[in-house]
file start_5.txt (compact mmCIF, C-alpha atoms)
# COMPACT_ATOMS: atom_id res chain seq x y z
CA MET R 9 -17.96 -14.17 -34.06
CA GLU R 10 -16.57 -12.48 -30.96
CA PRO R 11 -12.87 -12.93 -30.14
CA LYS R 12 -11.96 -15.35 -27.40
CA ALA R 13 -11.13 -13.94 -23.95
CA PRO R 14 -7.32 -14.41 -24.24
CA GLN R 15 -7.30 -12.44 -27.49
CA MET R 16 -9.32 -9.67 -25.89
CA LEU R 17 -6.84 -9.53 -23.00
CA ASP R 18 -3.94 -9.34 -25.45
CA GLN R 19 -5.52 -6.24 -26.98
CA LEU R 20 -5.26 -4.19 -23.77
CA GLU R 21 -3.38 -0.89 -23.89
CA LEU R 22 -0.23 -1.36 -21.83
CA PHE R 23 2.85 0.56 -22.96
CA SER R 24 0.99 3.87 -23.09
CA LEU R 25 -0.28 3.63 -19.48
CA CYS R 26 1.15 6.50 -17.45
CA GLU R 27 1.26 8.14 -14.05
CA GLU R 28 0.92 11.88 -14.33
CA PRO R 29 -0.63 13.93 -11.49
CA ALA R 30 -2.33 16.42 -13.83
CA ILE R 31 -3.90 13.58 -15.85
CA ASN R 32 -5.06 11.82 -12.69
CA GLU R 33 -6.64 15.00 -11.39
CA GLN R 34 -8.49 15.76 -14.62
CA MET R 35 -9.70 12.16 -14.74
CA ILE R 36 -11.25 12.47 -11.28
CA VAL R 37 -12.76 15.87 -12.10
CA ASP R 38 -14.39 14.25 -15.14
CA GLU R 39 -15.54 11.26 -13.10
CA ASN R 40 -17.13 13.55 -10.51
CA GLU R 41 -19.08 15.20 -13.30
CA ARG R 42 -20.11 11.79 -14.63
CA ALA R 43 -21.13 10.72 -11.11
CA LYS R 44 -23.95 13.28 -11.12
CA SER R 45 -25.90 10.93 -13.39
CA ASP R 46 -24.01 7.64 -13.06
CA GLU R 47 -24.48 5.75 -9.81
CA LEU R 48 -21.58 3.34 -10.46
CA SER R 49 -19.12 6.19 -11.02
CA ALA R 50 -20.32 7.79 -7.78
CA LYS R 51 -19.83 4.57 -5.84
CA ILE R 52 -16.31 4.07 -7.20
CA LEU R 53 -15.34 7.63 -6.26
CA GLU R 54 -16.72 7.17 -2.76
CA SER R 55 -14.82 3.89 -2.35
CA VAL R 56 -11.50 5.73 -2.81
CA TYR R 57 -12.62 8.95 -1.06
CA TRP R 58 -12.25 11.05 -4.21
CA GLU R 59 -15.68 12.65 -4.46
CA SER R 60 -15.74 16.42 -5.03
CA ASP R 61 -17.08 17.15 -1.52
CA ARG R 62 -13.69 16.91 0.17
CA ASP R 63 -14.96 17.72 3.68
CA ARG R 64 -17.39 14.82 3.49
CA ALA R 65 -14.76 12.44 2.05
CA PHE R 66 -12.31 13.12 4.89
CA GLU R 67 -14.99 12.79 7.55
CA ARG R 68 -16.27 9.55 6.02
CA TYR R 69 -12.79 8.03 6.17
CA HIS R 70 -12.26 9.21 9.75
CA GLU R 71 -15.50 7.50 10.80
CA SER R 72 -14.98 4.35 8.72
CA LEU R 73 -14.38 0.83 9.95
CA ASP R 74 -11.33 0.90 7.68
CA PHE R 75 -9.71 3.62 9.78
CA GLN R 76 -10.85 2.17 13.11
CA THR R 77 -9.26 -1.14 12.15
CA THR R 78 -6.09 0.66 11.09
CA LEU R 79 -5.90 2.38 14.49
CA LYS R 80 -6.33 -0.94 16.27
CA LEU R 81 -3.52 -2.52 14.25
CA PHE R 82 -1.24 0.48 14.82
CA LYS R 83 -1.63 -0.08 18.54
CA THR R 84 -0.98 -3.81 18.15
CA PHE R 85 2.16 -3.18 16.10
CA GLY R 86 3.53 -0.62 18.57
CA VAL R 87 3.03 2.46 16.39
CA GLU R 88 2.77 5.03 19.18
CA LYS R 89 1.31 8.53 19.01
CA LYS R 90 4.61 10.16 19.94
CA GLN R 91 6.59 8.41 17.18
CA SER R 92 7.75 10.11 14.01
CA ILE R 93 5.59 8.69 11.20
CA VAL R 94 5.77 9.32 7.47
CA GLU R 95 3.07 8.26 5.05
CA ILE R 96 4.55 7.73 1.59
CA GLY R 97 2.37 8.04 -1.50
CA GLY R 98 -0.61 9.13 0.57
CA GLY R 99 -2.57 10.75 -2.27
CA SER R 100 -5.19 13.05 -0.77
CA GLY R 101 -3.72 12.58 2.70
CA PHE R 102 -6.91 11.50 4.48
CA LEU R 103 -5.04 8.85 6.47
CA SER R 104 -2.40 11.32 7.67
CA TRP R 105 -5.12 13.81 8.55
CA ALA R 106 -7.20 11.22 10.42
CA LEU R 107 -4.16 10.17 12.44
CA THR R 108 -3.57 13.77 13.58
CA GLN R 109 -7.22 13.97 14.67
CA GLU R 110 -6.55 10.94 16.90
CA GLY R 111 -3.59 12.58 18.62
CA TYR R 112 -0.63 11.39 16.58
CA GLN R 113 1.87 14.16 17.11
CA ASP R 114 4.56 13.87 14.41
CA ILE R 115 3.03 13.07 11.02
CA SER R 116 4.73 13.70 7.67
CA LEU R 117 3.32 13.04 4.21
CA LEU R 118 5.32 12.48 1.03
CA GLU R 119 3.06 12.80 -2.02
CA PRO R 120 4.33 14.06 -5.40
CA ASN R 121 0.81 15.04 -6.49
CA PRO R 122 -0.07 18.61 -5.37
CA HIS R 123 -3.54 18.76 -6.95
CA TRP R 124 -6.81 19.47 -5.14
CA ILE R 125 -8.59 16.07 -5.06
CA THR R 126 -6.05 13.38 -5.94
CA GLY R 127 -3.13 15.14 -4.25
CA THR R 128 -2.37 17.33 -1.26
CA GLY R 129 -4.08 20.55 -2.42
CA TYR R 130 -7.20 20.21 -0.31
CA LEU R 131 -5.26 18.91 2.71
CA ARG R 132 -3.08 22.04 2.71
CA SER R 133 -6.22 24.19 2.89
CA ARG R 134 -7.41 22.69 6.19
CA ASP R 135 -6.53 24.56 9.38
CA ASP R 136 -6.56 21.30 11.33
CA ALA R 137 -3.85 19.85 9.05
CA LYS R 138 -1.22 22.52 9.65
CA ALA R 139 0.81 20.21 11.87
CA ILE R 140 1.30 17.70 9.04
CA GLN R 141 4.65 18.12 7.31
CA ILE R 142 3.71 17.84 3.63
CA GLU R 143 6.40 17.24 1.00
CA ASN R 144 5.64 17.14 -2.73
CA SER R 145 9.25 16.79 -3.90
CA LEU R 146 10.88 13.37 -3.91
CA ASP R 147 14.28 15.03 -4.34
CA ASP R 148 13.82 17.20 -1.24
CA PHE R 149 12.47 14.29 0.80
CA TYR R 150 15.45 12.05 0.14
CA ALA R 151 17.96 14.91 0.38
CA SER R 152 16.74 15.74 3.89
CA ASP R 153 18.54 14.16 6.85
CA ARG R 154 15.18 13.58 8.57
CA THR R 155 14.47 9.96 9.50
CA TYR R 156 11.39 8.27 10.93
CA ASP R 157 10.30 5.57 13.35
CA THR R 158 7.48 4.29 11.14
CA VAL R 159 6.73 4.32 7.42
CA VAL R 160 3.12 3.83 6.33
CA THR R 161 1.97 3.08 2.78
CA ARG R 162 -1.60 2.51 1.64
CA ASN R 163 -2.32 1.22 -1.86
CA CYS R 164 1.02 2.62 -2.95
CA VAL R 165 3.88 0.11 -3.30
CA HIS R 166 2.60 -1.46 -6.54
CA HIS R 167 3.32 1.89 -8.21
CA PHE R 168 7.07 1.71 -7.48
CA PRO R 169 8.97 1.41 -10.81
CA ASN R 170 11.47 -0.93 -9.13
CA MET R 171 10.11 -2.25 -5.86
CA THR R 172 13.43 -3.29 -4.29
CA PHE R 173 15.24 -0.09 -5.29
CA VAL R 174 12.56 2.22 -3.90
CA ALA R 175 12.25 0.08 -0.75
CA ALA R 176 16.01 0.37 -0.23
CA CYS R 177 15.73 4.16 -0.51
CA ILE R 178 12.86 4.20 1.97
CA ARG R 179 14.79 1.96 4.37
CA GLN R 180 17.44 4.67 4.60
CA LYS R 181 14.75 7.00 5.95
CA LEU R 182 13.88 4.55 8.75
CA ASN R 183 15.54 4.77 12.14
CA PRO R 184 17.20 1.62 13.53
CA GLY R 185 14.39 -0.56 14.86
CA GLY R 186 11.98 1.20 12.52
CA ARG R 187 8.91 -0.40 11.01
CA TRP R 188 7.01 -0.27 7.71
CA VAL R 189 3.24 -0.83 7.74
CA MET R 190 2.05 -1.71 4.22
CA ILE R 191 -1.73 -1.54 3.77
CA ARG R 192 -3.97 -2.58 0.88
CA GLU R 193 -2.02 -3.63 -2.20
CA PRO R 194 -3.53 -5.29 -5.31
CA TYR R 195 -2.46 -8.92 -5.61
CA VAL R 196 -2.47 -11.13 -8.69
CA GLU R 197 -0.92 -14.57 -9.03
CA THR R 198 -1.18 -15.50 -12.69
CA ALA R 199 -0.83 -13.80 -16.06
CA HIS R 200 -4.53 -14.28 -16.74
CA GLU R 201 -5.41 -12.73 -13.39
CA LEU R 202 -3.13 -9.77 -14.10
CA TYR R 203 -4.73 -9.04 -17.44
CA ARG R 204 -8.20 -9.42 -15.97
CA PHE R 205 -7.23 -6.98 -13.23
CA LEU R 206 -6.14 -4.40 -15.81
CA GLN R 207 -9.21 -5.01 -17.93
CA GLY R 208 -11.54 -4.56 -14.98
CA HIS R 209 -9.85 -1.58 -13.35
CA PRO R 210 -12.21 1.42 -13.57
CA TYR R 211 -9.53 3.86 -14.73
CA SER R 212 -6.68 1.85 -16.30
CA GLN R 213 -8.00 1.27 -19.82
CA GLY R 214 -10.57 4.04 -19.98
CA TYR R 215 -8.11 6.80 -19.05
CA GLY R 216 -4.72 5.20 -19.74
CA ILE R 217 -3.73 5.26 -16.06
CA TYR R 218 -0.89 3.00 -14.90
CA GLU R 219 -1.94 0.22 -12.54
CA PHE R 220 -0.32 -3.15 -11.90
CA GLY R 221 -0.57 -6.04 -9.51
CA PHE R 222 1.90 -8.60 -8.15
CA PRO R 223 1.82 -11.75 -6.02
CA ALA R 224 2.04 -11.04 -2.29
CA ALA R 225 5.29 -13.02 -2.14
CA HIS R 226 6.82 -10.59 -4.65
CA PHE R 227 6.19 -7.68 -2.28
CA ALA R 228 7.71 -9.60 0.63
CA ARG R 229 10.76 -10.80 -1.29
CA SER R 230 11.41 -7.38 -2.84
CA LEU R 231 11.44 -5.69 0.56
CA SER R 232 13.52 -8.50 2.03
CA MET R 233 16.15 -7.89 -0.65
CA ALA R 234 16.19 -4.23 0.44
CA GLY R 235 16.88 -5.13 4.09
CA LEU R 236 13.34 -5.22 5.49
CA ARG R 237 12.18 -8.39 7.24
CA LEU R 238 8.55 -9.47 7.18
CA ARG R 239 7.27 -9.33 10.76
CA ALA R 240 3.56 -10.01 10.38
CA ALA R 241 0.85 -10.56 7.78
CA VAL R 242 -2.79 -9.73 8.42
CA PRO R 243 -4.82 -12.38 6.56
CA GLU R 244 -7.40 -11.65 3.89
CA PRO R 245 -10.58 -12.47 5.89
CA TYR R 246 -9.56 -10.32 8.90
CA ALA R 247 -12.21 -7.77 9.98
CA ASN R 248 -14.45 -8.75 7.08
CA GLN R 249 -11.80 -7.53 4.59
CA THR R 250 -12.48 -3.93 5.52
CA LEU R 251 -8.86 -2.89 4.83
CA ALA R 252 -8.94 -4.39 1.34
CA LEU R 253 -12.50 -3.60 0.27
CA TYR R 254 -14.76 -0.61 0.75
CA SER R 255 -17.04 -1.95 3.47
CA ASN R 256 -18.32 -0.87 6.86
CA GLU R 257 -19.91 -4.24 7.60
CA ARG R 258 -18.42 -6.06 10.60
CA GLY R 259 -19.13 -9.47 9.14
CA SER R 260 -20.54 -12.70 10.52
CA ARG R 261 -20.13 -14.00 14.05
CA LEU R 262 -17.59 -16.52 12.74
CA ASN R 263 -15.59 -13.77 11.08
CA ARG R 264 -15.61 -11.68 14.25
CA TRP R 265 -14.39 -14.71 16.22
CA MET R 266 -11.60 -15.31 13.70
CA THR R 267 -10.63 -11.63 13.83
CA ALA R 268 -10.38 -11.73 17.62
CA ALA R 269 -8.17 -14.84 17.39
CA VAL R 270 -5.89 -13.15 14.84
CA ASP R 271 -5.69 -10.08 17.11
CA GLN R 272 -4.36 -12.28 19.89
CA ILE R 273 -1.76 -13.84 17.61
CA LEU R 274 -0.64 -10.47 16.23
CA ASP R 275 -0.31 -9.13 19.76
CA LYS R 276 1.47 -12.08 21.37
CA THR R 277 3.27 -14.02 18.60
CA PRO R 278 3.13 -12.12 15.27
CA THR R 279 5.87 -14.35 13.85
CA LEU R 280 3.23 -17.10 13.58
CA THR R 281 1.55 -15.07 10.85
CA ARG R 282 4.88 -14.71 9.07
CA PHE R 283 5.36 -18.48 9.25
CA GLY R 284 1.81 -18.98 8.00
CA PHE R 285 2.42 -16.62 5.09
CA TRP R 286 5.55 -18.39 3.85
CA ALA R 287 4.18 -21.89 4.56
CA GLU R 288 1.11 -21.12 2.49
CA GLN R 289 3.26 -19.77 -0.35
CA MET R 290 5.29 -23.00 -0.34
CA LEU R 291 2.18 -25.19 -0.37
CA ARG R 292 0.69 -23.25 -3.25
CA ASP R 293 3.93 -23.18 -5.26
CA CYS R 294 5.06 -26.76 -4.69
CA PHE R 295 1.86 -28.70 -4.26
CA LYS R 296 -0.64 -26.51 -6.12
CA MET R 297 -2.79 -26.33 -3.01
CA ARG R 298 -5.56 -23.74 -3.08
CA THR R 299 -5.31 -22.59 0.53
CA ALA R 300 -5.67 -18.80 0.42
CA PHE R 301 -5.72 -17.41 3.95
CA PHE R 302 -2.52 -15.34 3.58
CA THR R 303 -2.24 -15.16 -0.20
CA ARG R 304 -3.72 -11.65 -0.25
CA PRO R 305 -2.79 -10.14 3.13
CA GLN R 306 -4.56 -6.89 3.89
CA VAL R 307 -1.53 -5.61 5.79
CA MET R 308 2.12 -6.62 5.85
CA VAL R 309 4.48 -5.27 8.50
CA PHE R 310 8.23 -5.14 7.96
CA ASP R 311 11.09 -4.41 10.37
CA ARG R 312 14.27 -2.66 9.31
CA GLU R 313 17.16 -5.11 9.53
CA GLU R 314 20.62 -3.90 10.52
CA LEU R 315 22.92 -5.24 7.85
CA GLY R 316 26.39 -4.58 9.28
CA GLU R 317 29.54 -5.19 7.29
CA MET R 318 29.77 -8.21 5.00
CA PRO R 319 32.99 -10.24 5.47
CA ALA R 320 35.36 -9.63 2.57
CA SER R 321 35.59 -13.37 1.87
CA THR R 322 31.88 -13.51 0.99
CA ILE R 323 31.94 -10.68 -1.57
CA TRP R 324 31.87 -12.33 -4.98
CA TYR R 325 32.81 -9.19 -6.93
CA ARG R 326 35.45 -6.75 -5.71
CA PRO R 327 35.96 -3.83 -8.12
CA GLU R 328 39.47 -3.02 -6.84
CA LYS R 329 40.66 -6.49 -7.84
CA ALA R 330 39.05 -6.21 -11.25
CA ILE R 331 40.73 -2.85 -11.87
CA ALA R 332 44.13 -4.17 -10.75
CA LYS R 333 43.78 -7.23 -13.00
CA LYS R 334 42.88 -5.06 -15.99
CA ALA R 335 45.82 -2.74 -15.34
CA ALA R 336 48.23 -5.70 -15.20
call {"tool": "encode", "arguments": {"input": "start_5.txt", "output": "structure tokens"}}
result
Amino acid sequence: MEPKAPQMLDQLELFSLCEEPAINEQMIVDENERAKSDELSAKILESVYWESDRDRAFERYHESLDFQTTLKLFKTFGVEKKQSIVEIGGGSGFLSWALTQEGYQDISLLEPNPHWITGTGYLRSRDDAKAIQIENSLDDFYASDRTYDTVVTRNCVHHFPNMTFVAACIRQKLNPGGRWVMIREPYVETAHELYRFLQGHPYSQGYGIYEFGFPAAHFARSLSMAGLRLRAAVPEPYANQTLALYSNERGSRLNRWMTAAVDQILDKTPTLTRFGFWAEQMLRDCFKMRTAFFTRPQVMVFDREELGEMPASTIWYRPEKAIAKKAA
């Protein structure tokens, strides 16, 4: 008799999951070898632009609907070509590279992985990527006094060991009025969904690679706690989900109409999408409604808030008073 599904989920490897650049690189080298005779492995590698033909992978991303949609949203959100932009956790760096090909003038990339496929190794070898400021050291990045107008992350934030802490560190690298564009995160809403996500991930259980998902509201609340205010949320169906799934299909006529309507809202009154996001969360939490337009946003945009000084009367713990009381 086979075990029931919950028991199978409880048997997943969890504590041993790790993030190690050398392990990730060897995994992808092995998967590229497997892909020579396994069509599914090849398709998965292509979906994340990790196939061994690096020239082809970069060109495919540059020509993809994914990137064209990203460019359109950058324009909508006021991410200009002259701004200082840093991509954090950019992996291979194909997004940073594609942006430079489109005339973005000041692109930096923070990626701790220096390896050829999964890290910045190949990117460094390209003559047309010399203008990208590549940093592999987290210590050097945060020690630098360089700040940026825009932070971009793509499929990255769910890897932060403490989302609010890392977001607070990143906020210090943003100029006043700066913006964070968060693209493509994995969302789960229940324990069962989380375990299914880990079970179904192509590399988590097979290779012991750390992956995790969170509710969309957890991302928004964690960044809010760090001093970053949600400005806009791009809903799940937008552009036929091309920013969340590997697809170059433009979708049905209805989807294209909806996308055009969302474009107008994002351009004129983006706060409506923020209201829609939080209203939907409330309906789902309080009334168990199944509305799911914003539950898995493909993109969330955050503005840096200026915190100022907190009035002394509102500070619930003042260490100087505690020390004086102890001394007395």
call {"tool": "closest_residue", "arguments": {"input": "start_5.txt", "among": "R:Ile273, R:Ile125, R:Ile52, R:Val87", "to": "Asn32 in chain R", "atoms": "all atoms listed in the file"}}
result
R:Ile125
call {"tool": "closest_atom_pairs", "arguments": {"input": "start_5.txt", "of": "range 110-225 of chain R", "to": "range 233-247 of chain R", "cutoff": "6 Å", "atoms": "only C-alpha atoms", "output": "tab-separated table"}}
result
residue	atom	partner	partner_atom	distance
R:Thr172	CA	R:Ala234	CA	5.6
R:Ala175	CA	R:Ala234	CA	6.0
R:Ala176	CA	R:Ala234	CA	4.7
call {"tool": "atom_distance", "arguments": {"input": "start_5.txt", "atom1": "CA of Tyr130 in chain R", "atom2": "CA of Asn40 in chain R"}}
result
15.7 Å
call {"tool": "atom_distance", "arguments": {"input": "start_5.txt", "atom1": "CA of Gly284 in chain R", "atom2": "CA of Tyr156 in chain R"}}
result
29.0 Å
call {"tool": "closest_residue", "arguments": {"input": "start_5.txt", "among": "R:His123, R:His166, R:Arg312, R:Arg179", "to": "Met35 in chain R", "atoms": "all atoms listed in the file"}}
result
R:His123
call {"tool": "residues_near_point", "arguments": {"input": "start_5.txt", "point": "(-3.9, -20.6, 2.4)", "cutoff": "10 Å", "atoms": "all atoms listed in the file", "output": "list in words"}}
result
Pro243, Glu244, Gly284, Phe285, Trp286, Ala287, Glu288, Gln289, Met290, Leu291, Arg292, Met297, Arg298, Thr299, Ala300, Phe301, Phe302, Thr303 and Arg304 of chain R
call {"tool": "write_last_selection", "arguments": {"input": "start_5.txt", "atoms": "C-alpha atoms", "output": "short mmCIF file (atom, residue, chain, number, x, y, z; two decimals), in the frame of the given file"}}
result
data_model
loop_
_atom_site.label_atom_id
_atom_site.label_comp_id
_atom_site.auth_asym_id
_atom_site.auth_seq_id
_atom_site.Cartn_x
_atom_site.Cartn_y
_atom_site.Cartn_z
CA PRO R 243 -4.82 -12.38 6.56
CA GLU R 244 -7.40 -11.65 3.89
CA GLY R 284 1.81 -18.98 8.00
CA PHE R 285 2.42 -16.62 5.09
CA TRP R 286 5.55 -18.39 3.85
CA ALA R 287 4.18 -21.89 4.56
CA GLU R 288 1.11 -21.12 2.49
CA GLN R 289 3.26 -19.77 -0.35
CA MET R 290 5.29 -23.00 -0.34
CA LEU R 291 2.18 -25.19 -0.37
CA ARG R 292 0.69 -23.25 -3.25
CA MET R 297 -2.79 -26.33 -3.01
CA ARG R 298 -5.56 -23.74 -3.08
CA THR R 299 -5.31 -22.59 0.53
CA ALA R 300 -5.67 -18.80 0.42
CA PHE R 301 -5.72 -17.41 3.95
CA PHE R 302 -2.52 -15.34 3.58
CA THR R 303 -2.24 -15.16 -0.20
CA ARG R 304 -3.72 -11.65 -0.25
#
call {"tool": "closest_atom_pairs", "arguments": {"input": "start_5.txt", "of": "range 58-88 of chain R", "to": "range 134-141 of chain R", "cutoff": "12 Å", "atoms": "only C-alpha atoms", "output": "tab-separated table"}}
result
residue	atom	partner	partner_atom	distance
R:Arg62	CA	R:Arg134	CA	10.4
R:Asp63	CA	R:Arg134	CA	9.4
R:Phe66	CA	R:Arg134	CA	10.8
call {"tool": "build_atoms", "arguments": {"input": "start_5.txt", "residues": "range 236-246 of chain R", "atoms": "all heavy atoms", "output": "CSV table (one decimal), keeping the file's coordinate frame"}}
result
chain,number,residue,atom,x,y,z
R,236,LEU,N,14.5,-5.4,4.7
R,236,LEU,CA,13.3,-5.2,5.5
R,236,LEU,C,12.7,-6.6,5.7
R,236,LEU,O,12.3,-7.3,4.7
R,236,LEU,CB,12.4,-4.3,4.8
R,236,LEU,CG,12.9,-2.8,4.7
R,236,LEU,CD1,12.4,-2.2,3.4
R,236,LEU,CD2,12.4,-2.0,5.9
R,237,ARG,N,12.6,-7.0,6.9
R,237,ARG,CA,12.2,-8.4,7.2
R,237,ARG,C,10.7,-8.4,7.6
R,237,ARG,O,10.2,-7.6,8.4
R,237,ARG,CB,13.0,-8.9,8.4
R,237,ARG,CG,12.6,-10.3,8.9
R,237,ARG,CD,13.4,-10.7,10.1
R,237,ARG,NE,13.0,-12.0,10.7
R,237,ARG,CZ,13.4,-13.2,10.2
R,237,ARG,NH1,14.1,-13.3,9.1
R,237,ARG,NH2,13.0,-14.3,10.8
R,238,LEU,N,10.0,-9.3,6.9
R,238,LEU,CA,8.6,-9.5,7.2
R,238,LEU,C,8.3,-9.9,8.6
R,238,LEU,O,8.9,-10.9,9.1
R,238,LEU,CB,7.9,-10.5,6.3
R,238,LEU,CG,6.4,-10.8,6.4
R,238,LEU,CD1,5.6,-9.5,6.1
R,238,LEU,CD2,6.0,-12.0,5.6
R,239,ARG,N,7.6,-9.1,9.3
R,239,ARG,CA,7.3,-9.3,10.8
R,239,ARG,C,5.9,-10.0,10.9
R,239,ARG,O,5.8,-10.9,11.7
R,239,ARG,CB,7.3,-8.0,11.5
R,239,ARG,CG,6.9,-8.1,13.0
R,239,ARG,CD,6.8,-6.8,13.7
R,239,ARG,NE,6.3,-6.9,15.0
R,239,ARG,CZ,7.1,-7.2,16.1
R,239,ARG,NH1,8.4,-7.5,15.9
R,239,ARG,NH2,6.5,-7.3,17.3
R,240,ALA,N,4.9,-9.5,10.2
R,240,ALA,CA,3.6,-10.0,10.4
R,240,ALA,C,2.8,-9.8,9.1
R,240,ALA,O,3.0,-8.9,8.3
R,240,ALA,CB,2.9,-9.3,11.6
R,241,ALA,N,1.8,-10.7,8.9
R,241,ALA,CA,0.8,-10.6,7.8
R,241,ALA,C,-0.6,-10.7,8.3
R,241,ALA,O,-0.9,-11.7,9.0
R,241,ALA,CB,1.2,-11.6,6.8
R,242,VAL,N,-1.4,-9.7,8.0
R,242,VAL,CA,-2.8,-9.7,8.4
R,242,VAL,C,-3.6,-10.4,7.3
R,242,VAL,O,-3.7,-9.9,6.2
R,242,VAL,CB,-3.3,-8.3,8.6
R,242,VAL,CG1,-4.8,-8.3,9.0
R,242,VAL,CG2,-2.5,-7.6,9.7
R,243,PRO,N,-4.2,-11.6,7.6
R,243,PRO,CA,-4.8,-12.4,6.6
R,243,PRO,C,-6.0,-11.7,5.9
R,243,PRO,O,-6.6,-10.8,6.4
R,243,PRO,CB,-5.2,-13.7,7.3
R,243,PRO,CG,-5.3,-13.3,8.7
R,243,PRO,CD,-4.3,-12.2,8.9
R,244,GLU,N,-6.3,-12.2,4.7
R,244,GLU,CA,-7.4,-11.6,3.9
R,244,GLU,C,-8.8,-11.6,4.6
R,244,GLU,O,-9.4,-10.5,4.5
R,244,GLU,CB,-7.5,-12.4,2.6
R,244,GLU,CG,-8.6,-11.9,1.6
R,244,GLU,CD,-8.6,-12.7,0.3
R,244,GLU,OE1,-8.2,-13.8,0.3
R,244,GLU,OE2,-9.1,-12.2,-0.7
R,245,PRO,N,-9.2,-12.6,5.3
R,245,PRO,CA,-10.6,-12.5,5.9
R,245,PRO,C,-10.7,-11.6,7.1
R,245,PRO,O,-11.8,-11.3,7.6
R,245,PRO,CB,-10.9,-13.9,6.3
R,245,PRO,CG,-9.8,-14.8,5.6
R,245,PRO,CD,-8.6,-13.9,5.5
R,246,TYR,N,-9.6,-11.1,7.7
R,246,TYR,CA,-9.6,-10.3,8.9
R,246,TYR,C,-10.5,-9.1,8.8
R,246,TYR,O,-10.5,-8.4,7.8
R,246,TYR,CB,-8.1,-9.8,9.2
R,246,TYR,CG,-7.9,-9.0,10.4
R,246,TYR,CD1,-7.8,-9.6,11.6
R,246,TYR,CD2,-8.0,-7.6,10.3
R,246,TYR,CE1,-7.6,-8.8,12.8
R,246,TYR,CE2,-7.8,-6.8,11.4
R,246,TYR,CZ,-7.6,-7.4,12.7
R,246,TYR,OH,-7.4,-6.6,13.8
